[in-house]
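One structure is given here, and the rest of the page talks about it.
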Amino acid sequence: MTLLKQIARQAALQGEKCAYRSRGGALTYTQLWEKAAALAGFLAGQDSPVLVCGGKEPLMPVCFLACLLAGRPFVPCEADAPPERLAYIREASAAGTILAAAPAPPALAGPCLAEAPEIERLCAQTPPIRELPANPGRDAYILFTSGSTGRPKGVRIPVSALEHFTRWFSGLPGCRDCVEDTTINQARFSFDLSVADLWPAWAAGGTVFALDSTQQADLALLYAALGESGGARLTATPSFLRLCLCDAAFCQELLPRLRCVFLCGETLPARTARQFRERFPGARLLNAYGPTEATCAVCTAEITGEMEPLPVGEVATAASELLILGPEGEPLPEGEPGEIAIAGPSVGRGYIGAAGGGFGCWRGRALYRTGDRGKIAAGRLWYLGRIDRQIKYKGYRIEPGEVEGVLSTWPEVHAAAVLPLRRRGEVLGLAAVVEWAAGPLPPEECARRMRASLPSYMCPRVWQSVSPMPLTSNGKQDLKKLEELLQHE
Ligand code: AMP
């Protein structure tokens, strides 16, 4: 059964059961389906992508489902994203319609824009779409992630991959037992971890309880929300779990129904896993691995007993084939470290407007080379770091090249390098090392300009001047020297 047919069936079966709840309000299954079907009636007839902008308002998931029903890819964006980035995403995705569940920033103004009151009117007055779209090869969504060439890149995920992921996820031991229950959603909708929340829950008739950014920034609000969630499953980044664990109040008494935590997106420290298992002896802990390009996650390992380092997946139950490749792209034998590649139905359709970039073909199946180093041993996948400079900070993916790309447009900058600030292996933020054309700009001015172009997690916290920029014998920026320079500061 297709994903849309499953959700239609759940809408009919569950009726008044809550499908989605956030501080912005709640939706029953009947409301979710009826609103989305009507909005799809408005969206149908065109095939350009639809930019869906907002936070955790209940209209957001209505818009996503409406796009899927209308056969148009949705492009999730945060309303508080920097204007330049929003304008870029709008242009790069060639979005023909913009749906804004939260007040739209000026960067999105124009005749294609419908804001919340207008969306509600369309949901109430448009005749619903009658036929479910065919063609599972069409794009379901396009997610923009940090790009090493100085601009975010849009990853195209087809409906077939979304359906494959939903089936795989819903059958995982741990998740299988609670998809019909309440799922706590942490991830922003512009982060692909949220894919693990909405679609498996709705395919099974479960409830999604979404946490917004205000709740996540205030521990008292966060614990209050968790306490009232009734959550049975939590999907989160390890950084978020660590934040929750910082107070003893985060324990089984706060979330008595919690049975499964699905973590993905960055390294899970063994200490965090241990602490969680002590506080929640009745819950299962899954450490999952995967990039946006292969639909959220492709493998998962249950963390039990004393393990260190922690595996990131079981090969036998992976959603697609896991390969370890050598420098020439040749598969390496078990135990040998190399680049992690993924082949099969999880792999997306490439980047918008760009060929290649890690995507390819393997024995007739779609392949994605992740840029991650790893090895397969004893039937498990182990993550060993990055081949390139990509950084994970609080679960967010950052290409230093994108931040450097912004700096290179400033006339005051002669040369710039962006590096992670690390303490005991943990990334604490970014540092920009700049060779100024004349004198340095004041740090407040640097911060102001950065915020206009990049999300806050990508804005450097430390500004360091150098003159001249240290170079290697090949004339490239000497990143090793720059790292040493930062350590001595
Ligand atoms: P994103 O596309 O933002 O989900 O980021 C994908 C990248 O996150 C992967 O290529 C890895 O570098 C990293 N990642 C994902 N899951 C894990 C994990 N379990 N452990 C370590 N790194 C991970």
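Just remember, in the structure tokens the first chain shown is A, the second B, etc., residues are 1-based per chain, and ligands are 1-based in the order shown.
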Residues contacting ligand 1 - anything with an atom at most 6 Å away, using only C-alpha atoms and all ligand atoms - can you give me those as a list in words?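 Counting only what the definition allows, namely only C-alpha atoms and all ligand atoms, the set is Cys264, Gly265, Glu266, Thr267, Asn287, Ala288, Tyr289, Gly290, Pro291, Thr292, Val312, Thr370, Asp372, Tyr383, Tyr396 and Arg397 of chain A.
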Would you export the selected residues with N, CA, C and O atoms as a compact mmCIF listing (two decimals), in the first residue's frame, please?
# COMPACT_ATOMS: atom_id res chain seq x y z
N CYS A 264 20.13 10.14 15.79
CA CYS A 264 20.81 10.14 14.49
C CYS A 264 21.43 11.51 14.24
O CYS A 264 21.05 12.48 14.88
N GLY A 265 22.38 11.55 13.33
CA GLY A 265 22.87 12.85 12.86
C GLY A 265 24.26 13.21 13.31
O GLY A 265 24.88 14.08 12.73
N GLU A 266 24.77 12.59 14.35
CA GLU A 266 26.12 12.90 14.83
C GLU A 266 26.56 11.80 15.78
O GLU A 266 25.76 10.92 16.15
N THR A 267 27.81 11.88 16.21
CA THR A 267 28.34 10.84 17.09
C THR A 267 27.63 10.84 18.44
O THR A 267 27.44 11.89 19.05
N ASN A 287 20.97 3.82 17.99
CA ASN A 287 21.92 4.76 17.39
C ASN A 287 21.86 4.55 15.89
O ASN A 287 22.22 3.49 15.39
N ALA A 288 21.36 5.56 15.17
CA ALA A 288 21.14 5.40 13.73
C ALA A 288 22.12 6.27 12.95
O ALA A 288 22.66 7.24 13.47
N TYR A 289 22.30 5.89 11.69
CA TYR A 289 23.26 6.59 10.84
C TYR A 289 22.64 6.82 9.46
O TYR A 289 21.95 5.93 8.93
N GLY A 290 22.91 7.98 8.90
CA GLY A 290 22.52 8.23 7.52
C GLY A 290 22.60 9.70 7.19
O GLY A 290 22.52 10.53 8.08
N PRO A 291 22.79 10.03 5.91
CA PRO A 291 22.78 11.43 5.48
C PRO A 291 21.44 11.80 4.83
O PRO A 291 20.68 10.93 4.40
N THR A 292 21.18 13.10 4.74
CA THR A 292 19.98 13.61 4.08
C THR A 292 19.84 12.99 2.68
O THR A 292 18.73 12.68 2.24
N VAL A 312 27.18 2.26 14.70
CA VAL A 312 26.09 3.13 14.21
C VAL A 312 25.07 2.35 13.40
O VAL A 312 24.08 2.94 12.94
N THR A 370 29.26 8.96 0.87
CA THR A 370 28.88 9.88 1.94
C THR A 370 29.96 10.90 2.32
O THR A 370 29.65 11.92 2.93
N ASP A 372 31.95 10.08 4.56
CA ASP A 372 32.25 9.62 5.93
C ASP A 372 33.27 8.48 5.85
O ASP A 372 33.21 7.66 4.94
N TYR A 383 31.48 4.36 12.57
CA TYR A 383 31.77 5.67 11.97
C TYR A 383 33.13 6.14 12.49
O TYR A 383 33.37 6.15 13.70
N TYR A 396 23.75 19.85 13.58
CA TYR A 396 23.64 20.54 12.31
C TYR A 396 24.86 20.25 11.45
O TYR A 396 25.99 20.23 11.95
N ARG A 397 24.59 20.11 10.17
CA ARG A 397 25.69 19.84 9.23
C ARG A 397 26.21 21.16 8.69
O ARG A 397 25.44 21.98 8.20
Exercise for review: Can you pull out every residue within 12 Å of A:Leu43, counting only C-alpha atoms, but drop anything in the same chain fewer than 2 positions away, and send it as a VMD selection string?
Suggested key: chain A and resid 36 to 41 45 to 51 63 to 74 96 to 99 112 114 119 122 to 123 126 to 129
Run DSSP on the backbone and tell me which residues of stretch 7-223 of chain A come out as strand (DSSP E or B); list them as an MDAnalysis selection string. chainID A and resid 18:22 25:28 50:53 74:77 97:100 113:115 139:145 153:158 182:185 207:210
### Query
So how far away is atom CA of A:Glu131 from atom CA of A:Ala100, in Å?
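Taking atom CA of A:Ala100 as the start and atom CA of A:Glu131 as the end point, the length is 25.3 Å.
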request  = Determine the nearest neighbour of A:Asp80 from the options A:Gly429, A:Tyr368, A:Pro256, A:Leu454, counting only C-alpha atoms.
outcome  =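 Closest to A:Asp80 of all the choices is A:Leu454.
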Wanna dump the stretch 175-263 of chain A-stretch 271-283 of chain A contacts at 6 Å for me, each residue with its shortest atom pair and the distance in Å to one decimal, counting only C-alpha atoms, ordered by chain and number, as JSON lines?
{"residue": "A:Cys251", "atom": "CA", "partner": "A:Arg279", "partner_atom": "CA", "distance": 5.1}
{"residue": "A:Gln252", "atom": "CA", "partner": "A:Phe280", "partner_atom": "CA", "distance": 5.2}
{"residue": "A:Arg259", "atom": "CA", "partner": "A:Ala283", "partner_atom": "CA", "distance": 4.1}
{"residue": "A:Cys260", "atom": "CA", "partner": "A:Ala283", "partner_atom": "CA", "distance": 5.2}
